[in-house]
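Peer 1: Here it is: the structure, laid out below.
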Amino acid sequence: SYGSILVSSCALGQKLQFYLLISHILFNISLQFNITMQSISFPGKTILKAVHSKDGVKSFSLANMRYLSGSSSDRLKDGTPAESLFDAASTKNIFARIVDRYSISGQQKRIKMGEAYFQAAKRRSIDRLWCTDCKVGKAFRPQHAILTMHVWFLNRRLITDRHNSHQSLLVQEELFDILWYDTKTRIRAQPGINELSVDKHLKDVQNYTFQQCMDFDEAFDIPSSEKKRRDDELGLAIWNNIYLKDDNVPDEFVDGIAKYVAEQHENVVHLLPQNYWTEGRIGFVDIPRMTDKKASPKDLVDDEMEALPDGWFPALTESGESYYWNEQTMNTTWSKPDLSKID
């Protein structure tokens, strides 16, 4: 749920974080002992409202939070995904959940998984074909929209994971924390950005990132039997968020990415084997090729979308400086690897 991601990712203040932690513990205690709980309130604020029975959670809400992930069939009465926050059906007791969240081994595991998922999304999103064949802009926002799209695929798998939904929630939070860290480095790399304004820019990026995710969610909440309506809604989401409402973009480009999104969603959420998913081995369908025109050398080798030898990827330091790393050897270099190595 994007609300919980926002809570974990933003600096909310220690008092509110403490309230949420206590709410989490009390809620799990109530589930463990089948206690009906109407709400948890702290001075001047109701943090959590929930009603449950032996059959599971019936309704759930957090004050001033909005949760929109998950299909309609998986939602509770207020629209919250039944397993996106607190998994009433999980066999884990409250102590196992606390160990998962706060133990060093649990943290290391979810950091490793979150990093593997994010790097898979990042590698696919920086492919030059998005610019050369799909004509996606090379500016910060459209490139971020492509990355967001691939993170969204992974998020959809996490919120529907029935193998260990509590662990998936923690990995989901880690995945978005990594996304925001990466986003801050890319913001710093933009010309004319003052360090004092980085957090303000990050909030703006978070707003349109969550909006894009919700637009995609709304498209896939439409039943598959209403294919035309779903395709139209998805195309609108792509035109709004990736092509930034550019009237000059041909419909075939929007339709091509819409088809890619539908196929990739099916691939990641429903077809990817669980053992591949657990290991972070994410398969992707082919990027749509929507032009027969051979890309020019200027398109193929660009300051931001560079042609690199196999295994090499561009990266940024925390301060926004560019460097390159090799995913096989883990070597890094400040200088661009020799392009003559490309066959």
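Simple scheme: letters A, B, ... for chains in structure tokens order, numbers from 1 for residues in each chain, numbers from 1 for ligands in the order shown.
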Got a sec: who's within 7 Å of Thr148 in chain A, counting only C-alpha atoms, leaving out chain neighbours fewer than 4 positions off, as a PDB file with C-alpha atoms, in the first residue's frame?
Peer 2:
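Result file follows (part.pdb):
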```
ATOM      1  CA  HIS A 144      11.626   8.247 -13.852  1.00  0.00           C
ATOM      2  CA  TRP A 152       5.122  -1.020  -9.962  1.00  0.00           C
ATOM      3  CA  THR A 209       5.264   8.507  -8.574  1.00  0.00           C
TER       4      THR A 209
END
```
Peer 1: Going by DSSP on the backbone, which residues of range 102-294 of chain A come out as alpha helix (DSSP H)? List them as a PyMOL selection string.
Peer 2: chain A and resi 102+104-125+129-132+140-159+165-188+198-220+227-241+251-265+274-278
Peer 1: What lies within 7 Å of Leu202 in chain A using only C-alpha atoms, ignoring chain neighbours under 4 positions off, as a PyMOL selection string?
Peer 2: chain A and resi 184+198+206
Peer 1: CA of Lys200 in chain A to CA of Tyr181 in chain A: how many Å, to one decimal?
Peer 2: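 For CA of Lys200 in chain A relative to CA of Tyr181 in chain A, the distance reads 14.0 Å.
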Peer 1: Just checking: using only C-alpha atoms, which residue out of A:Ser168, A:Tyr117, A:Arg141, A:Trp130 ends up closest to Asp204 in chain A?
Peer 2: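 Once distances to Asp204 in chain A are computed over only C-alpha atoms, the minimum belongs to A:Arg141.
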Peer 1: Could you work out how far CA of Gly256 in chain A lies from CA of Pro288 in chain A, giving the answer in Å with one decimal?
Peer 2: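 Here the two named atoms are 5.9 Å from each other.
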Peer 1: Need to verify the contact set: Ser224 in chain A, 12 Å, only C-alpha atoms, exclusion of same-chain residues closer than 3 positions in sequence. Can you return it as a list in words?
Peer 2: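 Skipping anything fewer than 3 positions along the chain leaves Ser71, Ser72, Ala219, Phe220, Asp221, Lys227, Lys228, Arg229, Arg230, Asp231, Ala262 and Glu266 of chain A.
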